[in-house]
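K.L.:
This is start-v5.cif (mmCIF, N, CA and C atoms).
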data_start
loop_
_atom_site.label_atom_id
_atom_site.label_comp_id
_atom_site.auth_asym_id
_atom_site.auth_seq_id
_atom_site.Cartn_x
_atom_site.Cartn_y
_atom_site.Cartn_z
N MET G 1 -2.10 7.09 5.73
CA MET G 1 -1.41 6.31 4.73
C MET G 1 -1.49 7.05 3.39
N ALA G 2 -0.49 6.89 2.57
CA ALA G 2 -0.46 7.51 1.26
C ALA G 2 -1.60 7.00 0.39
N SER G 3 -1.90 7.71 -0.68
CA SER G 3 -2.96 7.28 -1.59
C SER G 3 -2.52 6.06 -2.39
N ALA G 4 -3.47 5.17 -2.62
CA ALA G 4 -3.17 3.95 -3.38
C ALA G 4 -3.14 4.26 -4.88
N VAL G 5 -2.26 3.56 -5.58
CA VAL G 5 -2.18 3.62 -7.03
C VAL G 5 -2.32 2.18 -7.52
N LYS G 6 -3.22 1.98 -8.48
CA LYS G 6 -3.41 0.61 -8.97
C LYS G 6 -2.37 0.26 -10.02
N TYR G 7 -1.97 -1.00 -10.01
CA TYR G 7 -1.15 -1.52 -11.10
C TYR G 7 -2.08 -1.67 -12.30
N GLU G 8 -1.65 -1.20 -13.47
CA GLU G 8 -2.52 -1.21 -14.64
C GLU G 8 -2.96 -2.61 -15.03
N THR G 9 -2.13 -3.59 -14.81
CA THR G 9 -2.51 -4.96 -15.16
C THR G 9 -3.64 -5.50 -14.28
N PHE G 10 -3.86 -4.86 -13.12
CA PHE G 10 -4.94 -5.31 -12.25
C PHE G 10 -6.29 -5.23 -12.96
N VAL G 11 -6.52 -4.17 -13.73
CA VAL G 11 -7.78 -4.01 -14.45
C VAL G 11 -7.93 -5.14 -15.47
N GLU G 12 -6.88 -5.39 -16.23
CA GLU G 12 -6.91 -6.49 -17.21
C GLU G 12 -7.09 -7.83 -16.52
N ASP G 13 -6.41 -8.02 -15.39
CA ASP G 13 -6.52 -9.28 -14.65
C ASP G 13 -7.94 -9.51 -14.15
N MET G 14 -8.63 -8.43 -13.74
CA MET G 14 -10.02 -8.57 -13.30
C MET G 14 -10.88 -9.04 -14.48
N ALA G 15 -10.69 -8.45 -15.65
CA ALA G 15 -11.46 -8.83 -16.83
C ALA G 15 -11.17 -10.27 -17.25
N ASN G 16 -9.95 -10.73 -16.98
CA ASN G 16 -9.55 -12.09 -17.34
C ASN G 16 -9.80 -13.10 -16.22
N LYS G 17 -10.50 -12.68 -15.19
CA LYS G 17 -10.89 -13.55 -14.07
C LYS G 17 -9.70 -14.15 -13.32
N LEU G 18 -8.63 -13.37 -13.17
CA LEU G 18 -7.46 -13.84 -12.44
C LEU G 18 -7.57 -13.56 -10.94
N HIS G 19 -8.54 -12.74 -10.56
CA HIS G 19 -8.76 -12.42 -9.15
C HIS G 19 -10.19 -12.81 -8.78
N ASP G 20 -10.34 -13.39 -7.60
CA ASP G 20 -11.66 -13.65 -7.04
C ASP G 20 -11.66 -13.01 -5.66
N LEU G 21 -11.88 -11.71 -5.62
CA LEU G 21 -11.75 -10.94 -4.39
C LEU G 21 -13.06 -10.82 -3.63
N PHE G 22 -14.14 -11.34 -4.20
CA PHE G 22 -15.43 -11.30 -3.50
C PHE G 22 -15.37 -12.26 -2.32
N GLY G 23 -15.75 -11.79 -1.16
CA GLY G 23 -15.63 -12.63 0.04
C GLY G 23 -14.16 -12.79 0.39
N THR G 24 -13.80 -13.98 0.79
CA THR G 24 -12.41 -14.25 1.19
C THR G 24 -11.81 -15.37 0.35
N ASN G 25 -12.23 -15.50 -0.91
CA ASN G 25 -11.80 -16.61 -1.77
C ASN G 25 -10.30 -16.58 -2.06
N ASP G 26 -9.76 -15.43 -2.39
CA ASP G 26 -8.33 -15.31 -2.69
C ASP G 26 -7.62 -14.64 -1.51
N THR G 27 -6.39 -15.06 -1.27
CA THR G 27 -5.57 -14.47 -0.21
C THR G 27 -4.75 -13.32 -0.78
N VAL G 28 -4.87 -12.16 -0.15
CA VAL G 28 -4.10 -10.98 -0.57
C VAL G 28 -3.04 -10.71 0.48
N ASN G 29 -1.80 -10.53 0.03
CA ASN G 29 -0.68 -10.25 0.92
C ASN G 29 -0.15 -8.84 0.68
N ALA G 30 0.51 -8.29 1.69
CA ALA G 30 1.18 -7.01 1.59
C ALA G 30 2.68 -7.22 1.71
N VAL G 31 3.45 -6.44 0.96
CA VAL G 31 4.91 -6.49 1.03
C VAL G 31 5.46 -5.07 1.11
N ILE G 32 6.59 -4.93 1.77
CA ILE G 32 7.34 -3.68 1.81
C ILE G 32 8.47 -3.82 0.80
N HIS G 33 8.65 -2.78 -0.04
CA HIS G 33 9.73 -2.89 -1.03
C HIS G 33 10.46 -1.56 -1.20
N THR G 34 11.61 -1.65 -1.86
CA THR G 34 12.51 -0.50 -1.98
C THR G 34 12.44 0.19 -3.33
N ASP G 35 12.03 -0.53 -4.35
CA ASP G 35 12.01 0.03 -5.70
C ASP G 35 10.65 0.62 -6.02
N ALA G 36 10.67 1.72 -6.75
CA ALA G 36 9.42 2.37 -7.15
C ALA G 36 8.65 1.44 -8.07
N PRO G 37 7.36 1.28 -7.81
CA PRO G 37 6.57 0.43 -8.69
C PRO G 37 6.44 1.07 -10.06
N VAL G 38 6.51 0.24 -11.09
CA VAL G 38 6.25 0.69 -12.45
C VAL G 38 4.86 0.19 -12.79
N VAL G 39 3.85 1.00 -12.47
CA VAL G 39 2.47 0.53 -12.54
C VAL G 39 2.04 0.14 -13.95
N ALA G 40 2.71 0.65 -14.97
CA ALA G 40 2.35 0.30 -16.34
C ALA G 40 2.85 -1.08 -16.75
N THR G 41 3.94 -1.56 -16.11
CA THR G 41 4.53 -2.82 -16.58
C THR G 41 4.74 -3.88 -15.50
N ASP G 42 4.81 -3.51 -14.23
CA ASP G 42 4.97 -4.53 -13.18
C ASP G 42 3.68 -5.34 -13.12
N VAL G 43 3.82 -6.68 -13.07
CA VAL G 43 2.64 -7.54 -13.05
C VAL G 43 2.59 -8.47 -11.84
N ALA G 44 3.76 -8.82 -11.31
CA ALA G 44 3.82 -9.81 -10.24
C ALA G 44 4.74 -9.34 -9.12
N VAL G 45 4.55 -9.91 -7.94
CA VAL G 45 5.36 -9.51 -6.79
C VAL G 45 6.85 -9.76 -7.07
N SER G 46 7.16 -10.68 -7.94
CA SER G 46 8.57 -10.95 -8.29
C SER G 46 9.22 -9.77 -9.00
N ASN G 47 8.43 -8.81 -9.50
CA ASN G 47 8.97 -7.60 -10.12
C ASN G 47 9.47 -6.58 -9.10
N LEU G 48 9.17 -6.80 -7.81
CA LEU G 48 9.53 -5.87 -6.74
C LEU G 48 10.72 -6.36 -5.95
N THR G 49 11.48 -5.43 -5.37
CA THR G 49 12.60 -5.77 -4.50
C THR G 49 12.15 -5.58 -3.06
N GLN G 50 11.80 -6.69 -2.42
CA GLN G 50 11.32 -6.62 -1.05
C GLN G 50 12.48 -6.37 -0.09
N ILE G 51 12.14 -5.75 1.05
CA ILE G 51 13.15 -5.57 2.08
C ILE G 51 13.49 -6.94 2.67
N SER G 52 14.53 -6.97 3.47
CA SER G 52 14.86 -8.21 4.18
C SER G 52 15.17 -7.86 5.62
N GLY G 53 14.96 -8.81 6.48
CA GLY G 53 15.25 -8.59 7.89
C GLY G 53 14.52 -9.61 8.73
N THR G 54 15.07 -9.92 9.88
CA THR G 54 14.44 -10.88 10.78
C THR G 54 13.11 -10.33 11.25
N GLY G 55 12.06 -11.12 11.09
CA GLY G 55 10.72 -10.69 11.46
C GLY G 55 9.91 -10.18 10.29
N TYR G 56 10.55 -10.04 9.11
CA TYR G 56 9.82 -9.57 7.93
C TYR G 56 9.46 -10.74 7.04
N ASP G 57 8.23 -10.76 6.58
CA ASP G 57 7.75 -11.68 5.56
C ASP G 57 6.49 -11.05 4.97
N ALA G 58 6.10 -11.50 3.79
CA ALA G 58 4.85 -11.02 3.22
C ALA G 58 3.73 -11.29 4.21
N ALA G 59 2.77 -10.37 4.31
CA ALA G 59 1.73 -10.44 5.33
C ALA G 59 0.36 -10.70 4.73
N ASP G 60 -0.33 -11.71 5.24
CA ASP G 60 -1.72 -11.96 4.86
C ASP G 60 -2.58 -10.88 5.51
N ILE G 61 -3.24 -10.06 4.70
CA ILE G 61 -4.02 -8.94 5.24
C ILE G 61 -5.48 -9.30 5.50
N GLN G 62 -5.81 -10.58 5.39
CA GLN G 62 -7.15 -11.08 5.72
C GLN G 62 -8.22 -10.25 5.02
N ASN G 63 -8.10 -10.16 3.70
CA ASN G 63 -9.01 -9.38 2.89
C ASN G 63 -10.42 -9.97 2.86
N ASP G 64 -11.37 -9.09 2.60
CA ASP G 64 -12.77 -9.49 2.45
C ASP G 64 -13.40 -8.53 1.45
N GLY G 65 -14.20 -9.05 0.54
CA GLY G 65 -14.84 -8.21 -0.46
C GLY G 65 -16.34 -8.34 -0.39
N SER G 66 -17.02 -7.22 -0.61
CA SER G 66 -18.49 -7.24 -0.60
C SER G 66 -19.01 -6.30 -1.68
N CYS G 67 -20.25 -6.55 -2.09
CA CYS G 67 -20.86 -5.75 -3.14
C CYS G 67 -22.22 -5.28 -2.67
N SER G 68 -22.52 -4.00 -2.94
CA SER G 68 -23.82 -3.44 -2.59
C SER G 68 -24.18 -2.38 -3.62
N GLY G 69 -25.33 -2.53 -4.24
CA GLY G 69 -25.79 -1.54 -5.20
C GLY G 69 -24.85 -1.30 -6.35
N GLY G 70 -24.15 -2.32 -6.80
CA GLY G 70 -23.23 -2.18 -7.92
C GLY G 70 -21.86 -1.64 -7.55
N THR G 71 -21.59 -1.50 -6.25
CA THR G 71 -20.28 -1.02 -5.79
C THR G 71 -19.58 -2.13 -5.02
N PHE G 72 -18.35 -2.45 -5.42
CA PHE G 72 -17.55 -3.48 -4.75
C PHE G 72 -16.55 -2.78 -3.83
N THR G 73 -16.43 -3.29 -2.60
CA THR G 73 -15.47 -2.74 -1.64
C THR G 73 -14.64 -3.88 -1.06
N MET G 74 -13.32 -3.69 -1.06
CA MET G 74 -12.43 -4.66 -0.41
C MET G 74 -11.91 -4.06 0.88
N THR G 75 -12.06 -4.79 1.95
CA THR G 75 -11.52 -4.38 3.25
C THR G 75 -10.39 -5.32 3.62
N ALA G 76 -9.62 -4.92 4.62
CA ALA G 76 -8.52 -5.74 5.09
C ALA G 76 -8.22 -5.39 6.53
N VAL G 77 -7.52 -6.28 7.18
CA VAL G 77 -7.10 -6.08 8.56
C VAL G 77 -5.73 -5.40 8.54
N ASP G 78 -5.58 -4.32 9.32
CA ASP G 78 -4.27 -3.66 9.43
C ASP G 78 -3.24 -4.70 9.87
N TYR G 79 -2.01 -4.50 9.43
CA TYR G 79 -0.95 -5.46 9.77
C TYR G 79 0.25 -4.72 10.33
N THR G 80 0.86 -5.29 11.38
CA THR G 80 2.05 -4.71 11.99
C THR G 80 3.20 -5.69 11.91
N TRP G 81 4.30 -5.24 11.31
CA TRP G 81 5.54 -6.01 11.28
C TRP G 81 6.41 -5.52 12.43
N THR G 82 7.21 -6.40 13.03
CA THR G 82 8.15 -6.04 14.08
C THR G 82 9.54 -6.52 13.69
N ALA G 83 10.49 -5.59 13.66
CA ALA G 83 11.88 -5.95 13.37
C ALA G 83 12.46 -6.65 14.61
N THR G 84 13.05 -7.80 14.40
CA THR G 84 13.67 -8.53 15.50
C THR G 84 15.10 -8.89 15.12
N ALA G 85 15.95 -8.91 16.08
CA ALA G 85 17.36 -9.31 15.94
C ALA G 85 18.25 -8.25 15.28
N ALA G 86 17.70 -7.42 14.41
CA ALA G 86 18.51 -6.38 13.76
C ALA G 86 17.60 -5.38 13.07
N ASP G 87 18.20 -4.25 12.66
CA ASP G 87 17.44 -3.24 11.92
C ASP G 87 17.12 -3.75 10.52
N TRP G 88 16.02 -3.24 9.98
CA TRP G 88 15.69 -3.51 8.59
C TRP G 88 16.27 -2.41 7.72
N THR G 89 16.30 -2.64 6.45
CA THR G 89 16.87 -1.72 5.49
C THR G 89 16.35 -0.29 5.66
N SER G 90 17.16 0.67 5.35
CA SER G 90 16.74 2.07 5.46
C SER G 90 16.23 2.61 4.12
N THR G 91 16.12 1.75 3.12
CA THR G 91 15.67 2.22 1.81
C THR G 91 14.23 1.78 1.50
N ALA G 92 13.52 1.26 2.48
CA ALA G 92 12.11 0.91 2.27
C ALA G 92 11.33 2.20 2.03
N ARG G 93 10.36 2.13 1.13
CA ARG G 93 9.55 3.31 0.85
C ARG G 93 8.13 2.96 0.41
N TYR G 94 7.94 1.77 -0.11
CA TYR G 94 6.67 1.41 -0.74
C TYR G 94 6.06 0.17 -0.09
N VAL G 95 4.72 0.11 -0.16
CA VAL G 95 3.98 -1.09 0.23
C VAL G 95 3.08 -1.44 -0.94
N SER G 96 3.08 -2.70 -1.33
CA SER G 96 2.18 -3.16 -2.39
C SER G 96 1.40 -4.35 -1.89
N ILE G 97 0.22 -4.55 -2.48
CA ILE G 97 -0.55 -5.75 -2.18
C ILE G 97 -0.66 -6.57 -3.47
N TYR G 98 -0.70 -7.90 -3.28
CA TYR G 98 -0.79 -8.79 -4.42
C TYR G 98 -1.65 -10.00 -4.06
N ASN G 99 -2.13 -10.67 -5.09
CA ASN G 99 -2.97 -11.84 -4.91
C ASN G 99 -2.07 -13.07 -4.79
N ASP G 100 -1.96 -13.59 -3.58
CA ASP G 100 -1.10 -14.75 -3.33
C ASP G 100 -1.73 -16.05 -3.84
N THR G 101 -3.02 -16.03 -4.12
CA THR G 101 -3.69 -17.22 -4.63
C THR G 101 -3.44 -17.41 -6.11
N SER G 102 -3.24 -16.33 -6.85
CA SER G 102 -2.96 -16.45 -8.28
C SER G 102 -1.60 -17.11 -8.46
N VAL G 103 -1.48 -17.87 -9.51
CA VAL G 103 -0.25 -18.65 -9.75
C VAL G 103 0.98 -17.77 -9.81
N THR G 104 0.85 -16.58 -10.38
CA THR G 104 2.01 -15.70 -10.55
C THR G 104 2.03 -14.53 -9.58
N ASP G 105 1.23 -14.58 -8.49
CA ASP G 105 1.24 -13.53 -7.47
C ASP G 105 1.02 -12.14 -8.07
N ARG G 106 -0.11 -11.96 -8.72
CA ARG G 106 -0.43 -10.74 -9.46
C ARG G 106 -0.59 -9.53 -8.55
N LEU G 107 -0.01 -8.39 -8.96
CA LEU G 107 -0.05 -7.15 -8.20
C LEU G 107 -1.41 -6.47 -8.32
N ILE G 108 -1.80 -5.74 -7.26
CA ILE G 108 -3.08 -5.05 -7.23
C ILE G 108 -2.90 -3.55 -7.05
N LEU G 109 -2.36 -3.13 -5.90
CA LEU G 109 -2.19 -1.71 -5.56
C LEU G 109 -0.85 -1.46 -4.92
N SER G 110 -0.43 -0.18 -4.94
CA SER G 110 0.81 0.21 -4.29
C SER G 110 0.62 1.56 -3.59
N TRP G 111 1.37 1.75 -2.50
CA TRP G 111 1.38 3.01 -1.76
C TRP G 111 2.82 3.50 -1.66
N ASP G 112 3.03 4.79 -1.92
CA ASP G 112 4.34 5.43 -1.80
C ASP G 112 4.31 6.25 -0.51
N TYR G 113 5.21 5.95 0.42
CA TYR G 113 5.24 6.66 1.69
C TYR G 113 5.98 7.99 1.62
N GLY G 114 6.46 8.37 0.43
CA GLY G 114 7.01 9.70 0.23
C GLY G 114 8.48 9.87 0.57
N ALA G 115 9.03 8.98 1.38
CA ALA G 115 10.45 9.03 1.75
C ALA G 115 10.85 7.64 2.25
N THR G 116 12.13 7.37 2.17
CA THR G 116 12.59 6.08 2.67
C THR G 116 12.46 6.03 4.19
N PHE G 117 12.34 4.83 4.71
CA PHE G 117 12.23 4.67 6.16
C PHE G 117 12.95 3.41 6.59
N ALA G 118 13.36 3.39 7.83
CA ALA G 118 14.00 2.22 8.43
C ALA G 118 13.14 1.76 9.59
N VAL G 119 13.23 0.49 9.89
CA VAL G 119 12.58 -0.07 11.08
C VAL G 119 13.69 -0.66 11.93
N GLY G 120 13.95 -0.04 13.09
CA GLY G 120 15.03 -0.49 13.96
C GLY G 120 14.65 -1.73 14.75
N ASN G 121 15.65 -2.40 15.24
CA ASN G 121 15.44 -3.60 16.05
C ASN G 121 14.44 -3.31 17.16
N GLY G 122 13.36 -4.10 17.20
CA GLY G 122 12.32 -3.93 18.22
C GLY G 122 11.24 -2.93 17.83
N GLU G 123 11.44 -2.18 16.77
CA GLU G 123 10.43 -1.23 16.31
C GLU G 123 9.42 -1.92 15.41
N THR G 124 8.30 -1.22 15.16
CA THR G 124 7.24 -1.78 14.33
C THR G 124 6.92 -0.86 13.16
N PHE G 125 6.32 -1.44 12.14
CA PHE G 125 5.77 -0.70 11.00
C PHE G 125 4.38 -1.27 10.75
N THR G 126 3.38 -0.39 10.72
CA THR G 126 1.99 -0.83 10.54
C THR G 126 1.42 -0.28 9.25
N ILE G 127 0.77 -1.13 8.50
CA ILE G 127 0.00 -0.68 7.35
C ILE G 127 -1.45 -0.60 7.81
N ASP G 128 -2.02 0.59 7.69
CA ASP G 128 -3.37 0.88 8.16
C ASP G 128 -4.26 1.14 6.94
N PHE G 129 -5.18 0.23 6.68
CA PHE G 129 -6.02 0.33 5.49
C PHE G 129 -7.24 1.24 5.68
N GLY G 130 -7.49 1.68 6.88
CA GLY G 130 -8.66 2.51 7.10
C GLY G 130 -9.94 1.70 6.90
N ALA G 131 -11.01 2.37 6.47
CA ALA G 131 -12.31 1.72 6.32
C ALA G 131 -12.33 0.72 5.17
N SER G 132 -11.53 0.95 4.13
CA SER G 132 -11.47 0.01 3.01
C SER G 132 -10.13 0.14 2.29
N VAL G 133 -9.77 -0.92 1.58
CA VAL G 133 -8.55 -0.90 0.78
C VAL G 133 -8.82 -0.17 -0.53
N PHE G 134 -9.93 -0.55 -1.19
CA PHE G 134 -10.35 0.14 -2.42
C PHE G 134 -11.81 -0.14 -2.70
N THR G 135 -12.37 0.70 -3.57
CA THR G 135 -13.76 0.56 -3.98
C THR G 135 -13.83 0.64 -5.51
N LEU G 136 -14.62 -0.23 -6.11
CA LEU G 136 -14.87 -0.20 -7.54
C LEU G 136 -16.33 0.14 -7.77
N THR G 137 -16.58 1.13 -8.61
CA THR G 137 -17.97 1.51 -8.88
C THR G 137 -18.32 1.32 -10.34
#
Please re-express this file's structure in structure tokens.
P.N.:
Amino acid sequence: MASAVKYETFVEDMANKLHDLFGTNDTVNAVIHTDAPVVATDVAVSNLTQISGTGYDAADIQNDGSCSGGTFTMTAVDYTWTATAADWTSTARYVSIYNDTSVTDRLILSWDYGATFAVGNGETFTIDFGASVFTLT
């Protein structure tokens, strides 16, 4: 998976207590979108243009946060979308995660897959978070 880039407002949102990512208190969702994230000014999932297609919806990534020795780590469960009934857009390129529990669906991180991609009818797209989504030290 591509390297994650944080939305700049995420840092401010953490200081303002808009996220409670310790444990499983807040629900974090992933979305696939077509427009490049503007990490300096995008604040909410409504700032993004999500793809559309049968079988696509924002995905609960079942996040969990833990702290050890002053280091916070957020993990998540990999998620697989399956296109059904028709192909999805061929201009998808980015995946972002946001806090669905916050009133305004605040953005956290984004990944650029480097090129646009399509998901054909019956095909899948998986977001693989690896050992952790992110770590704060």
K.L.:
Which residues match the PyMOL selection byres (((chain G and resi 84 and name CA) around 10) and name CA) in the file above, as a list in words?
P.N.:
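That expression, the PyMOL selection byres (((chain G and resi 84 and name CA) around 10) and name CA), corresponds here to Gly53, Thr54, Gly55, Tyr56, Trp81, Thr82, Ala83, Ala85, Ala86, Asp87, Trp88, Val119, Gly120, Asn121, Gly122, Glu123 and Thr124 of chain G.
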K.L.:
Counting all atoms listed in the file, what is within 8 Å of Ser132 in chain G, bar same-chain residues fewer than 6 positions away, as number ranges by chain?
P.N.:
G: 73-76
K.L.:
Using Å and a single decimal, report how far atom N of Phe72 in chain G sits from CA of Ala30 in chain G.
P.N.:
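The value is 21.2 Å.
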K.L.:
Return the single residue from G:Ala118, G:Leu109, G:Leu136, G:Leu21 that is closest to Asp42 in chain G, with distances computed using only C-alpha atoms.
P.N.:
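With only C-alpha atoms as the atom set, the closest residue is G:Leu109.
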K.L.:
Of the candidates G:Val77, G:Glu8, G:Ala131, G:Ala2, which shows the shortest atom-to-atom distance to Thr41 in chain G, using only C-alpha atoms?
P.N.:
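Residue with the minimum atom-to-atom distance to Thr41 in chain G: G:Glu8.
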K.L.:
Which residue gives the smallest distance to Tyr79 in chain G among G:Asn63, G:Val11, G:Ala115, G:Asp128, with only N, CA and C atoms counted?
P.N.:
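Of G:Asn63, G:Val11, G:Ala115, G:Asp128, the one nearest Tyr79 in chain G is G:Asp128, counting only N, CA and C atoms.
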K.L.:
Scan for residues within 6.5 Å of the point (3.1, -9.0, 8.1) in the coordinates of the file, using only N, CA and C atoms, and reply as number ranges by chain.
P.N.:
G: 57-60, 79-81
K.L.:
Considering only C-alpha atoms, can you say which of G:Val45, G:Val95, G:Leu18, G:Ile32 comes closest to Ser110 in chain G?
P.N.:
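Ranking G:Val45, G:Val95, G:Leu18, G:Ile32 by distance to Ser110 in chain G, first place goes to G:Val95.
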K.L.:
Grab the CA of Ser102 in chain G to CA of Pro37 in chain G distance for me, in Å with one decimal place.
P.N.:
19.4 Å
K.L.:
Of the residues G:Thr27, G:Asp112, G:Thr101, G:Asp78, which is the one nearest to Gly130 in chain G, using only N, CA and C atoms?
P.N.:
G:Asp78
K.L.:
Between CA of Asp35 in chain G and CA of Ala92 in chain G, what is the spacing in Å?
P.N.:
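Those two atoms sit 8.0 Å apart.
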K.L.:
Please provide the set of residues having any atom within 7 Å of Trp111 in chain G, restricted to only C-alpha atoms, with same-chain residues fewer than 2 positions apart removed, written as a PyMOL selection string.
P.N.:
chain G and resi 2-5+94-96+113
K.L.:
Can you write out the residues you just picked, keeping N, CA and C atoms, as a CSV table (one decimal), keeping the file's coordinate frame?
P.N.:
chain,number,residue,atom,x,y,z
G,2,ALA,N,-0.5,6.9,2.6
G,2,ALA,CA,-0.5,7.5,1.3
G,2,ALA,C,-1.6,7.0,0.4
G,3,SER,N,-1.9,7.7,-0.7
G,3,SER,CA,-3.0,7.3,-1.6
G,3,SER,C,-2.5,6.1,-2.4
G,4,ALA,N,-3.5,5.2,-2.6
G,4,ALA,CA,-3.2,4.0,-3.4
G,4,ALA,C,-3.1,4.3,-4.9
G,5,VAL,N,-2.3,3.6,-5.6
G,5,VAL,CA,-2.2,3.6,-7.0
G,5,VAL,C,-2.3,2.2,-7.5
G,94,TYR,N,7.9,1.8,-0.1
G,94,TYR,CA,6.7,1.4,-0.7
G,94,TYR,C,6.1,0.2,-0.1
G,95,VAL,N,4.7,0.1,-0.2
G,95,VAL,CA,4.0,-1.1,0.2
G,95,VAL,C,3.1,-1.4,-0.9
G,96,SER,N,3.1,-2.7,-1.3
G,96,SER,CA,2.2,-3.2,-2.4
G,96,SER,C,1.4,-4.4,-1.9
G,113,TYR,N,5.2,6.0,0.4
G,113,TYR,CA,5.2,6.7,1.7
G,113,TYR,C,6.0,8.0,1.6
K.L.:
Box for range 8-12 of chain G - axis-aligned, 3 Å on each of the six sides, all listed atoms - centre and size in Å to one decimal, as AutoDock Vina command-line options.
P.N.:
--center_x -4.8 --center_y -4.5 --center_z -14.7 --size_x 12.3 --size_y 12.6 --size_z 11.0
K.L.:
Using all atoms listed in the file for the distances, tell me which of G:Val39, G:Arg93, G:Thr71, G:Val133 is nearest to Lys6 in chain G.
P.N.:
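That would be G:Val39, the residue with the smallest distance to Lys6 in chain G.
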K.L.:
Step one, run DSSP on the backbone; step two, keep only residues of chain G assigned to strand (DSSP E or B); then write them as a ChimeraX atom specification.
P.N.:
/G:4-6,23,28-33,44,50,59-60,64-68,71-75,79-82,92-99,106-117,124-127,134-136
K.L.:
Write out as number ranges by chain all residues of chain G that backbone DSSP assigns to helix (DSSP H, G or I).
P.N.:
G: 8-15, 45-47
K.L.:
Return range 100-112 of chain G, completed with N, CA, C and O atoms, as a compact mmCIF listing (two decimals), keeping the file's coordinate frame.
P.N.:
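Result file is part_33.txt:
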# COMPACT_ATOMS: atom_id res chain seq x y z
N ASP G 100 -1.96 -13.59 -3.58
CA ASP G 100 -1.10 -14.75 -3.33
C ASP G 100 -1.73 -16.05 -3.84
O ASP G 100 -1.04 -17.04 -4.00
N THR G 101 -3.02 -16.03 -4.12
CA THR G 101 -3.69 -17.22 -4.63
C THR G 101 -3.44 -17.41 -6.11
O THR G 101 -3.40 -18.54 -6.60
N SER G 102 -3.24 -16.33 -6.85
CA SER G 102 -2.96 -16.45 -8.28
C SER G 102 -1.60 -17.11 -8.46
O SER G 102 -0.68 -16.91 -7.67
N VAL G 103 -1.48 -17.87 -9.51
CA VAL G 103 -0.25 -18.65 -9.75
C VAL G 103 0.98 -17.77 -9.81
O VAL G 103 2.05 -18.14 -9.33
N THR G 104 0.85 -16.58 -10.38
CA THR G 104 2.01 -15.70 -10.55
C THR G 104 2.03 -14.53 -9.58
O THR G 104 2.77 -13.58 -9.79
N ASP G 105 1.23 -14.58 -8.49
CA ASP G 105 1.24 -13.53 -7.47
C ASP G 105 1.02 -12.14 -8.07
O ASP G 105 1.84 -11.24 -7.95
N ARG G 106 -0.11 -11.96 -8.72
CA ARG G 106 -0.43 -10.74 -9.46
C ARG G 106 -0.59 -9.53 -8.55
O ARG G 106 -1.24 -9.59 -7.50
N LEU G 107 -0.01 -8.39 -8.96
CA LEU G 107 -0.05 -7.15 -8.20
C LEU G 107 -1.41 -6.47 -8.32
O LEU G 107 -2.08 -6.58 -9.35
N ILE G 108 -1.80 -5.74 -7.26
CA ILE G 108 -3.08 -5.05 -7.23
C ILE G 108 -2.90 -3.55 -7.05
O ILE G 108 -3.24 -2.77 -7.92
N LEU G 109 -2.36 -3.13 -5.90
CA LEU G 109 -2.19 -1.71 -5.56
C LEU G 109 -0.85 -1.46 -4.92
O LEU G 109 -0.24 -2.37 -4.36
N SER G 110 -0.43 -0.18 -4.94
CA SER G 110 0.81 0.21 -4.29
C SER G 110 0.62 1.56 -3.59
O SER G 110 -0.18 2.39 -4.03
N TRP G 111 1.37 1.75 -2.50
CA TRP G 111 1.38 3.01 -1.76
C TRP G 111 2.82 3.50 -1.66
O TRP G 111 3.72 2.74 -1.33
N ASP G 112 3.03 4.79 -1.92
CA ASP G 112 4.34 5.43 -1.80
C ASP G 112 4.31 6.25 -0.51
O ASP G 112 3.49 7.16 -0.36
